[in-house]
Structure formats: structure tokens, C-alpha cells
$ cat coords29.txt   # compact mmCIF, C-alpha atoms and all ligand atoms
# COMPACT_ATOMS: atom_id res chain seq x y z
CA MET A 167 83.60 84.49 110.76
CA GLU A 168 85.88 85.34 107.86
CA SER A 169 87.12 88.92 108.02
CA PRO A 170 85.93 91.31 105.31
CA TYR A 171 88.16 91.10 102.26
CA LEU A 172 86.51 93.27 99.61
CA THR A 173 86.61 97.03 99.22
CA CYS A 174 84.62 99.27 96.93
CA GLY A 175 86.17 102.28 95.22
CA ILE A 176 84.14 105.03 93.60
CA ASP A 177 85.56 107.70 91.29
CA LEU A 178 83.01 110.48 90.95
CA GLY A 179 83.63 112.92 88.12
CA GLY A 180 81.77 115.65 86.32
CA THR A 181 81.09 113.45 83.29
CA SER A 182 81.20 109.87 84.59
CA VAL A 183 81.14 107.74 87.73
CA ARG A 184 83.14 104.53 88.10
CA VAL A 185 82.40 101.96 90.76
CA GLY A 186 84.95 99.18 91.28
CA LEU A 187 85.00 96.14 93.54
CA PHE A 188 88.48 95.06 94.65
CA ASP A 189 89.83 91.96 96.40
CA ALA A 190 92.31 91.86 99.28
CA ASP A 191 95.26 92.38 96.91
CA LEU A 192 93.56 95.41 95.32
CA ARG A 193 92.81 93.47 92.15
CA MET A 194 89.65 94.76 90.52
CA ILE A 195 87.14 91.93 90.32
CA GLY A 196 84.37 93.99 88.77
CA SER A 197 83.57 97.53 87.74
CA SER A 198 80.74 99.60 86.40
CA SER A 199 80.78 102.99 84.68
CA MET A 200 77.91 105.35 84.14
CA ALA A 201 77.38 108.90 82.99
CA THR A 202 77.08 111.48 85.76
CA ARG A 203 73.57 112.79 85.34
CA VAL A 204 74.36 116.09 87.02
CA ALA A 205 70.94 117.65 86.46
CA SER A 206 69.19 114.68 88.13
CA GLY A 207 70.88 115.62 91.38
CA PRO A 208 73.15 113.90 93.90
CA ASP A 209 70.45 111.74 95.56
CA ASN A 210 69.81 110.10 92.23
CA ALA A 211 73.56 109.60 91.68
CA VAL A 212 73.92 107.92 95.09
CA ALA A 213 70.98 105.61 94.26
CA GLU A 214 72.66 104.65 90.96
CA ILE A 215 75.99 104.02 92.71
CA VAL A 216 74.32 101.79 95.31
CA ASP A 217 72.51 99.90 92.56
CA ALA A 218 75.80 99.36 90.67
CA LEU A 219 77.53 98.15 93.85
CA ARG A 220 74.71 95.66 94.57
CA LYS A 221 75.09 94.20 91.08
CA LEU A 222 78.88 93.97 91.47
CA MET A 223 78.51 92.23 94.85
CA ASN A 224 76.30 89.65 93.12
CA ASN A 225 76.71 86.52 95.26
CA GLU A 226 79.12 88.06 97.76
CA SER A 227 77.74 88.51 101.25
CA VAL A 228 77.48 92.02 102.66
CA GLU A 229 79.79 90.92 105.50
CA SER A 230 82.64 90.41 103.03
CA LEU A 231 82.78 94.16 102.26
CA LEU A 232 85.26 96.06 104.43
CA GLY A 233 84.21 99.54 103.38
CA ILE A 234 83.68 102.06 100.63
CA GLY A 235 86.06 104.79 99.52
CA ILE A 236 84.95 107.60 97.26
CA GLY A 237 86.93 110.29 95.48
CA SER A 238 85.02 113.42 94.50
CA PRO A 239 86.00 116.64 92.79
CA GLY A 240 86.82 119.35 95.31
CA PRO A 241 86.42 121.58 97.15
CA ILE A 242 84.87 119.35 99.79
CA ASN A 243 84.57 119.98 103.51
CA LEU A 244 86.26 116.76 104.52
CA ARG A 245 85.36 117.24 108.16
CA SER A 246 81.65 117.18 107.52
CA GLY A 247 81.72 115.19 104.28
CA VAL A 248 79.74 117.94 102.56
CA LEU A 249 80.41 119.06 98.97
CA GLY A 250 81.49 122.62 98.26
CA PRO A 251 80.75 124.69 95.15
CA LEU A 252 81.91 122.27 92.43
CA PRO A 253 82.25 123.81 88.94
CA ASN A 254 81.58 120.45 87.24
CA LEU A 255 78.67 119.47 89.48
CA PRO A 256 76.46 122.55 89.57
CA GLY A 257 73.58 122.32 92.02
CA TRP A 258 75.30 119.71 94.21
CA GLU A 259 76.74 122.25 96.66
CA ASN A 260 76.09 121.52 100.35
CA TYR A 261 75.20 117.88 99.62
CA PRO A 262 76.26 115.55 102.48
CA LEU A 263 77.79 112.96 100.16
CA ARG A 264 79.55 110.86 102.79
CA ASP A 265 76.54 110.51 105.08
CA ALA A 266 74.14 109.91 102.20
CA LEU A 267 76.26 107.07 100.80
CA ALA A 268 76.82 105.57 104.26
CA GLU A 269 73.10 105.59 105.03
CA ALA A 270 72.19 104.11 101.66
CA THR A 271 74.70 101.25 101.99
CA ASP A 272 74.90 100.84 105.77
CA MET A 273 78.68 100.69 105.30
CA PRO A 274 81.59 102.81 106.50
CA VAL A 275 82.36 105.39 103.83
CA ILE A 276 85.60 107.33 103.48
CA LEU A 277 85.38 110.47 101.37
CA GLU A 278 88.40 112.12 99.82
CA SER A 279 88.98 114.62 97.06
CA ASP A 280 89.75 112.88 93.76
CA ALA A 281 93.25 114.39 93.77
CA ASN A 282 93.93 113.08 97.28
CA ALA A 283 92.68 109.62 96.27
CA ALA A 284 95.05 109.64 93.28
CA ALA A 285 97.91 110.70 95.58
CA VAL A 286 97.18 107.79 97.93
CA ALA A 287 97.20 105.33 95.01
CA GLU A 288 100.51 106.59 93.59
CA TRP A 289 101.99 106.65 97.11
CA LYS A 290 101.14 103.02 97.91
CA LEU A 291 100.84 101.34 94.51
CA GLY A 292 102.41 103.59 91.87
CA ALA A 293 105.47 105.79 91.53
CA GLY A 294 105.99 106.00 95.32
CA ARG A 295 105.46 102.31 95.96
CA ASP A 296 109.02 101.07 96.38
CA ALA A 297 110.38 104.24 97.98
CA GLY A 298 108.86 103.67 101.42
CA LEU A 299 108.34 107.41 101.86
CA ASP A 300 105.83 108.93 104.23
CA SER A 301 105.64 112.34 102.55
CA LEU A 302 105.06 113.31 98.92
CA ALA A 303 102.94 115.40 96.61
CA MET A 304 101.01 114.22 93.59
CA MET A 305 99.89 116.66 90.91
CA THR A 306 97.32 115.67 88.31
CA LEU A 307 97.52 117.77 85.17
CA GLY A 308 94.10 117.40 83.60
CA THR A 309 91.45 119.94 82.69
CA GLY A 310 92.69 121.72 85.80
CA VAL A 311 95.58 120.96 88.17
CA GLY A 312 94.61 118.66 91.02
CA SER A 313 97.00 117.95 93.83
CA GLY A 314 97.23 115.82 96.93
CA LEU A 315 99.74 116.04 99.75
CA ILE A 316 100.81 113.14 101.95
CA LEU A 317 102.65 114.47 104.98
CA ASN A 318 104.10 112.16 107.63
CA GLY A 319 101.93 109.27 106.49
CA GLN A 320 98.64 111.16 106.37
CA VAL A 321 96.69 112.94 103.69
CA TRP A 322 97.00 116.63 104.46
CA HIS A 323 93.46 118.00 104.65
CA GLY A 324 94.11 121.42 106.08
CA ILE A 325 91.55 122.83 108.49
CA TYR A 326 88.43 122.19 106.41
CA GLY A 327 89.63 119.72 103.81
CA MET A 328 90.83 122.17 101.20
CA GLY A 329 94.54 121.81 101.90
CA GLY A 330 96.97 121.12 99.07
CA GLU A 331 95.31 123.21 96.35
CA VAL A 332 98.62 123.74 94.59
CA GLY A 333 96.74 124.37 91.34
CA HIS A 334 95.41 127.60 92.78
CA THR A 335 98.68 128.97 94.06
CA VAL A 336 99.46 132.13 92.12
CA ILE A 337 102.49 132.18 89.84
CA GLN A 338 101.55 135.27 87.79
CA PRO A 339 99.93 138.07 89.86
CA ASP A 340 98.55 139.85 86.78
CA GLY A 341 97.87 136.64 84.89
CA ASP A 342 94.74 135.16 83.35
CA LEU A 343 91.55 135.08 85.40
CA CYS A 344 90.99 131.61 86.89
CA GLY A 345 87.58 130.01 87.46
CA CYS A 346 88.28 130.26 91.20
CA GLY A 347 88.22 134.06 91.06
CA SER A 348 91.97 134.68 91.41
CA ARG A 349 94.40 135.68 88.65
CA GLY A 350 97.43 133.76 87.45
CA CYS A 351 96.81 130.45 89.24
CA LEU A 352 99.19 127.59 88.31
CA GLU A 353 96.15 125.79 86.86
CA MET A 354 95.80 128.51 84.22
CA TYR A 355 99.16 127.43 82.73
CA ALA A 356 100.07 123.88 83.76
CA SER A 357 96.82 122.13 82.77
CA ALA A 358 95.31 120.89 79.49
CA ALA A 359 93.38 124.14 79.13
CA GLY A 360 96.53 126.07 80.08
CA LEU A 361 98.57 124.28 77.44
CA CYS A 362 96.00 125.17 74.78
CA ARG A 363 96.14 128.79 75.94
CA LEU A 364 99.94 128.75 75.73
CA ALA A 365 99.69 127.27 72.21
CA ARG A 366 97.56 130.24 71.13
CA GLN A 367 100.07 132.65 72.68
CA VAL A 368 103.05 131.00 70.98
CA ALA A 369 101.17 130.94 67.65
CA ALA A 370 100.85 134.70 67.91
CA SER A 371 104.61 135.11 68.43
CA SER A 372 107.50 135.54 66.01
CA ILE A 373 108.90 132.10 65.21
CA ASP A 374 107.58 129.95 62.35
CA THR A 375 104.15 129.06 63.63
CA SER A 376 102.49 127.97 60.40
CA ALA A 377 101.83 124.33 61.42
CA LEU A 378 100.78 125.30 64.96
CA GLY A 379 98.58 128.01 63.49
CA VAL A 380 96.78 125.46 61.31
CA LEU A 381 96.29 123.16 64.31
CA ILE A 382 94.84 125.75 66.67
CA SER A 383 92.47 127.16 64.05
CA GLN A 384 90.82 123.81 63.32
CA PRO A 385 87.05 124.28 63.45
CA SER A 386 86.71 121.15 65.63
CA GLY A 387 89.15 122.61 68.17
CA PHE A 388 92.44 121.11 69.32
CA ASP A 389 93.85 119.41 72.38
CA PRO A 390 97.27 118.98 74.05
CA LYS A 391 97.80 115.69 72.19
CA GLY A 392 97.59 117.52 68.88
CA VAL A 393 100.28 119.95 70.03
CA ALA A 394 102.38 117.07 71.40
CA ASP A 395 102.15 115.16 68.10
CA LEU A 396 103.28 118.26 66.26
CA ALA A 397 106.17 118.75 68.69
CA ALA A 398 107.19 115.09 68.35
CA ARG A 399 107.46 115.67 64.58
CA GLY A 400 109.97 118.45 65.32
CA ASP A 401 107.81 121.54 64.91
CA ILE A 402 109.71 124.36 66.63
CA ALA A 403 106.64 126.34 67.71
CA ALA A 404 104.86 123.29 69.18
CA LYS A 405 108.05 122.38 71.06
CA GLN A 406 108.18 125.94 72.39
CA VAL A 407 104.65 125.53 73.81
CA PHE A 408 105.87 122.64 75.98
CA VAL A 409 108.99 124.59 77.00
CA GLU A 410 106.73 127.38 78.32
CA PHE A 411 104.45 124.81 79.93
CA GLY A 412 107.40 123.19 81.72
CA ARG A 413 108.61 126.57 82.99
CA TYR A 414 105.28 127.32 84.64
CA LEU A 415 104.94 123.81 86.04
CA GLY A 416 108.50 123.94 87.38
CA LEU A 417 107.81 127.28 89.02
CA GLY A 418 104.74 125.82 90.76
CA ILE A 419 106.68 122.77 91.95
CA ALA A 420 109.59 125.00 93.05
CA ASN A 421 107.26 126.86 95.41
CA LEU A 422 105.96 123.55 96.74
CA ILE A 423 109.48 122.16 97.32
CA SER A 424 110.71 125.35 98.96
CA THR A 425 107.71 125.30 101.30
CA LEU A 426 107.66 121.62 102.23
CA ASP A 427 111.10 120.15 101.37
CA LEU A 428 109.44 117.02 99.96
CA PRO A 429 111.39 113.94 98.85
CA LEU A 430 109.03 113.17 95.97
CA VAL A 431 106.63 114.96 93.63
CA ILE A 432 104.66 112.71 91.26
CA VAL A 433 103.25 114.33 88.13
CA GLY A 434 100.30 112.59 86.48
CA GLY A 435 97.24 113.35 84.39
CA GLY A 436 96.78 113.37 80.63
CA VAL A 437 99.23 116.20 79.85
CA ALA A 438 101.97 114.54 81.90
CA THR A 439 102.27 111.85 79.22
CA ALA A 440 104.18 114.49 77.19
CA TRP A 441 106.88 114.36 79.91
CA SER A 442 109.84 114.26 77.52
CA LEU A 443 108.64 117.49 75.88
CA PHE A 444 108.48 119.59 79.06
CA ALA A 445 110.81 117.86 81.57
CA GLN A 446 113.94 119.82 80.67
CA SER A 447 112.36 123.25 81.13
CA MET A 448 110.52 122.05 84.25
CA PHE A 449 113.79 120.96 85.90
CA GLY A 450 115.41 124.20 84.71
CA ALA A 451 112.71 126.25 86.47
CA LEU A 452 113.12 124.16 89.62
CA GLU A 453 116.84 124.94 89.62
CA GLN A 454 116.18 128.60 89.03
CA HIS A 455 113.41 129.17 91.58
CA SER A 456 113.94 126.80 94.52
CA VAL A 457 116.93 126.97 96.83
CA VAL A 458 115.74 123.82 98.57
CA TYR A 459 115.66 121.95 95.25
CA ARG A 460 119.16 123.17 94.37
CA LEU A 461 120.40 121.70 97.65
CA MET A 462 118.39 118.47 97.43
CA ARG A 463 118.32 117.53 93.74
CA PRO A 464 119.36 113.97 92.88
CA ASN A 465 122.32 113.13 90.64
CA ARG A 466 119.97 111.68 88.05
CA LEU A 467 117.12 114.13 87.70
CA ASP A 468 114.12 111.84 87.73
CA ALA A 469 115.61 109.02 89.80
CA LEU A 470 114.69 108.15 93.36
CA GLU A 471 117.78 108.55 95.53
CA SER A 472 117.64 108.48 99.32
CA ASP A 473 117.55 111.90 100.97
CA ARG A 474 117.11 113.63 97.62
CA THR A 475 114.12 115.31 95.98
CA ALA A 476 112.81 113.49 92.92
CA ILE A 477 110.18 114.70 90.46
CA VAL A 478 108.84 111.70 88.52
CA PRO A 479 105.94 110.83 86.20
CA ALA A 480 102.98 108.95 87.65
CA LYS A 481 102.58 105.25 86.95
CA LEU A 482 98.91 104.39 87.39
CA GLY A 483 97.32 106.47 84.64
CA SER A 484 93.65 107.35 84.77
CA SER A 485 92.83 104.52 87.18
CA ALA A 486 94.70 106.20 90.07
CA GLY A 487 91.59 107.89 91.47
CA LEU A 488 89.55 104.67 91.51
CA LEU A 489 92.41 102.59 92.97
CA GLY A 490 93.08 105.20 95.64
CA ALA A 491 89.43 105.29 96.62
CA ALA A 492 89.40 101.49 96.98
CA LEU A 493 92.59 101.65 99.02
CA LEU A 494 91.19 104.08 101.61
CA PRO A 495 89.17 101.57 103.68
CA ARG A 496 92.04 99.09 103.61
CA LEU A 497 94.62 101.65 104.75
CA GLU A 498 92.38 102.79 107.53
CA ALA A 499 91.76 99.22 108.72
CA GLY A 500 95.47 98.40 108.51
CA GLU A 501 96.52 101.49 110.38
CA GLN A 502 93.94 100.89 113.07
CA ASN A 503 95.19 97.33 113.49
CA ARG A 504 98.63 98.70 114.17
CA GLY A 505 97.23 101.04 116.77
CA LEU A 506 97.79 104.18 114.72
CA SER A 507 95.17 106.79 114.11
CA LEU A 508 94.60 108.25 110.70
CA SER A 509 93.05 111.54 109.83
CA TRP A 510 90.61 109.92 107.41
CA GLU A 511 87.15 110.15 108.84
CA THR A 512 84.63 107.40 108.48
CA HIS A 513 80.91 107.26 108.92
CA GLN A 514 79.85 104.04 110.64
ZN ZN B 1 92.50 129.48 90.65

$ encode --input "coords29.txt" --output "C-alpha cells" --more "lines below"
Ligand SMILES: [Zn+2]
Amino acid sequence: MESPYLTCGIDLGGTSVRVGLFDADLRMIGSSSMATRVASGPDNAVAEIVDALRKLMNNESVESLLGIGIGSPGPINLRSGVLGPLPNLPGWENYPLRDALAEATDMPVILESDANAAAVAEWKLGAGRDAGLDSLAMMTLGTGVGSGLILNGQVWHGIYGMGGEVGHTVIQPDGDLCGCGSRGCLEMYASAAGLCRLARQVAASSIDTSALGVLISQPSGFDPKGVADLAARGDIAAKQVFVEFGRYLGLGIANLISTLDLPLVIVGGGVATAWSLFAQSMFGALEQHSVVYRLMRPNRLDALESDRTAIVPAKLGSSAGLLGAALLPRLEAGEQNRGLSLSWETHQ
């Protein structure tokens, strides 16, 4: 019998769910997107996912499917496969997502946090692809700050699956109150929402903030792209917003580098596309705050040099989470074939 050659990746988010079917070379051969109907509950979402997968499989036999990987917002208990209190999925707490999906499909299901799935994708297929590294961190600067750690070839889960929450490390003890209950989390500064908050702070400061002031007082609201466009046109105040943003981000990464001495940190997510606006202050903060980075920095700041620590932009864009999810069953199968054990848990 022909060995299974397809994998299914699922990217579960607070507003939408994407289901993708991938061939042996991780080429997407079909995908389906749907709105996350949060109020209808997780059982209904699983039923819709299974329905979408059946349609994507079309004429493919069930035997051709190797497995299903799913990335979900965290926190998740990755040991038990049970969802934690998710801000974007209210009412889904304590739902056994992995088991429910495995029972509904009769397939092995690998559950990861969405940030870990994105880290796996960038590690194997994106910015880390040609480096051959077995340790790195990936930070996703979106609404919040997601992060995934790969240590010695494995996703670092911590004890319960909540390891690698770099976004909730504290960089300002008396700072703004975070949704997690702590004050001054990195996520309060180095995210899309954080950038908008910084824009309001800069607009209230002394330099010429007339254009930034107009932007942030728009009745329809504003987003990081609006600030970036203004900065790209040379507006001093908008540029200052990204300088502050880079300082906070660099401080967060400095703590990570000093703790783990990583060879690579990949920075992705929507705000990371403004890389040229914040990179200089980010690298400056790294220099200032991390002795390990000062010792290990490369000659060219964002280049990959052997035995040096590089901080580089992500390559896969918003598809990283879906790709990473689809990659999980394949990695697990490959590692098992080579007699290695992975920490990813499956449900048979
Ligand atoms: Zn927090």
C-alpha cells in the first residue's frame, strides 16, 4: 500500500479558521476559510472543520492522509490537549480540542499553540530554513506578541504547555496593565496595540506631532500601517513611535538572548513588516541590555553567520501558522522514522 502523503493543517483564530491540505512537498493543494463562530461553541467549530476537510479530500482516500496538525491560540495545556482561558475564544475554556478533533476524524492530531506552529514553519521552511539550526525563537508581533521556542530540535512546551510566553515577560514593572493581569508585559509595547499606544504617547509629547495627531484622532481609528506610512513620508513624530517600539522590542529580545544564548530570533507578524523603521533602535537596545548579545553579535547585524546571534525578519508572512500546523505530522513521522522521539504528543 502506498504510504500516506497528505497532511492537513488547521489555523484556528479568534476571527477565522483556515483548513489546508498539503502534499508531500508541503505544497497546498486546497484550502478552506471560514469565520470562527465563537458563540456557537467548539463542538460546532470541530464539526465545521471536519466538514471542510472532507470536501478538500474529495476523491483522495482516507489512507492517503498522514495526520492533522492544528495551531490554536494559547494558553493551551499541551499535555492534555485542553484549551485554557482564551481571550479571543470566550466560553471555550477546558475544551479537549485535540481529542475532539481526533475522535471526529479518526486521525492522529497534533495540537500546538499558533505561535509554536509559526515557529516550526519559519524554522523548517522560512527564515531558519538554510541555517540548519536546532534552536531558535520566533516572535509574532500581531494584536499581541506570540512566541515559540525551538530548543535542541524540539518545541519547548514547558511543564504544561505554556512555555515561551515571551510576550508576557515584564519589561516595565509599573507599566500598563496587560490583559493577562500583570503590568508592563512586552506585549503592551511591542505589538500592534502597543504601537498604537506608543503613538498616542508620542503625540502628547513635545516634538511636532501635528500629522501624527491628525492620524490618531481619526474617528475611524488608526492602525500601525497608518503610522508606518506617515513615518515613511519622513514625519519625525511617527518615526519616533517606531524608535520607541524598537527599544521595547530590543529589550524583550535582550532578555531572551541573555537567558538562552540563541543563535537566531525570527521576528514576524504584521508590525514586523515595518522592520526598517524600528531595526536600528531594536539592535541598539540589544547592545545596551544583553551581555550575551554583545559577545555574540554578527558582523552584519541581520545576517546569519555561524556561531553568531542573528535577529532577522520572518519570511512566510501570515501563512506561517497554517504551514507549521501542516508540517507537524510530517516532522513527527520523519523523526520517528529516524528513531528519535519528539515531544509533540499525538492522539491515535
Ligand atoms: Zn501580560

$ closest_residue --input "coords29.txt" --among "A:Gly490, A:Ser424, A:His323, A:Lys481" --to "Ala293 of chain A" --atoms "all atoms listed in the file"
A:Lys481

$ closest_residue --input "coords29.txt" --among "A:Ser442, A:Leu482, A:Ile402, A:Arg349" --to "ligand ZN 1 (chain B)" --atoms "all atoms listed in the file"
A:Arg349

$ closest_atom_pairs --input "coords29.txt" --of "chain A" --to "ligand ZN 1 (chain B)" --cutoff "10 Å" --atoms "all atoms listed in the file" --output "CSV"
residue,atom,partner,partner_atom,distance
A:Gly310,CA,B:ZN1,ZN,9.2
A:Val311,CA,B:ZN1,ZN,9.4
A:Glu331,CA,B:ZN1,ZN,8.9
A:Val332,CA,B:ZN1,ZN,9.3
A:Gly333,CA,B:ZN1,ZN,6.7
A:His334,CA,B:ZN1,ZN,4.1
A:Thr335,CA,B:ZN1,ZN,7.1
A:Val336,CA,B:ZN1,ZN,7.6
A:Asp342,CA,B:ZN1,ZN,9.5
A:Leu343,CA,B:ZN1,ZN,7.7
A:Cys344,CA,B:ZN1,ZN,4.6
A:Gly345,CA,B:ZN1,ZN,5.9
A:Cys346,CA,B:ZN1,ZN,4.3
A:Gly347,CA,B:ZN1,ZN,6.3
A:Ser348,CA,B:ZN1,ZN,5.3
A:Arg349,CA,B:ZN1,ZN,6.8
A:Gly350,CA,B:ZN1,ZN,7.3
A:Cys351,CA,B:ZN1,ZN,4.6
A:Leu352,CA,B:ZN1,ZN,7.3
A:Glu353,CA,B:ZN1,ZN,6.4
A:Met354,CA,B:ZN1,ZN,7.3

$ closest_residue --input "coords29.txt" --among "A:Leu361, A:Val216, A:Leu470, A:Ala492" --to "Thr173 of chain A" --atoms "all atoms listed in the file"
A:Ala492

$ closest_residue --input "coords29.txt" --among "A:Leu396, A:Ala297, A:Met194, A:Ile215" --to "Ile176 of chain A" --atoms "all atoms listed in the file"
A:Ile215

$ residues_around --input "coords29.txt" --residues "segment 289-292 of chain A" --least-positions-apart "3" --cutoff "8 Å" --atoms "only C-alpha atoms" --output "JSON, numbers by chain"
{"A": [285, 286, 295, 299, 302, 480, 481, 482]}

$ write_last_selection --input "coords29.txt" --atoms "C-alpha atoms" --output "compact mmCIF listing (two decimals), keeping the file's coordinate frame"
# COMPACT_ATOMS: atom_id res chain seq x y z
CA ALA A 285 97.91 110.70 95.58
CA VAL A 286 97.18 107.79 97.93
CA ARG A 295 105.46 102.31 95.96
CA LEU A 299 108.34 107.41 101.86
CA LEU A 302 105.06 113.31 98.92
CA ALA A 480 102.98 108.95 87.65
CA LYS A 481 102.58 105.25 86.95
CA LEU A 482 98.91 104.39 87.39

$ residues_around --input "coords29.txt" --residues "Gly434 of chain A" --least-positions-apart "3" --cutoff "8 Å" --atoms "only C-alpha atoms" --output "number ranges by chain"
A: 304-307, 437-439, 479-481, 483

$ closest_residue --input "coords29.txt" --among "A:Ala440, A:Leu364, A:Ala377, A:Leu422" --to "Ile337 of chain A" --atoms "only C-alpha atoms"
A:Leu422
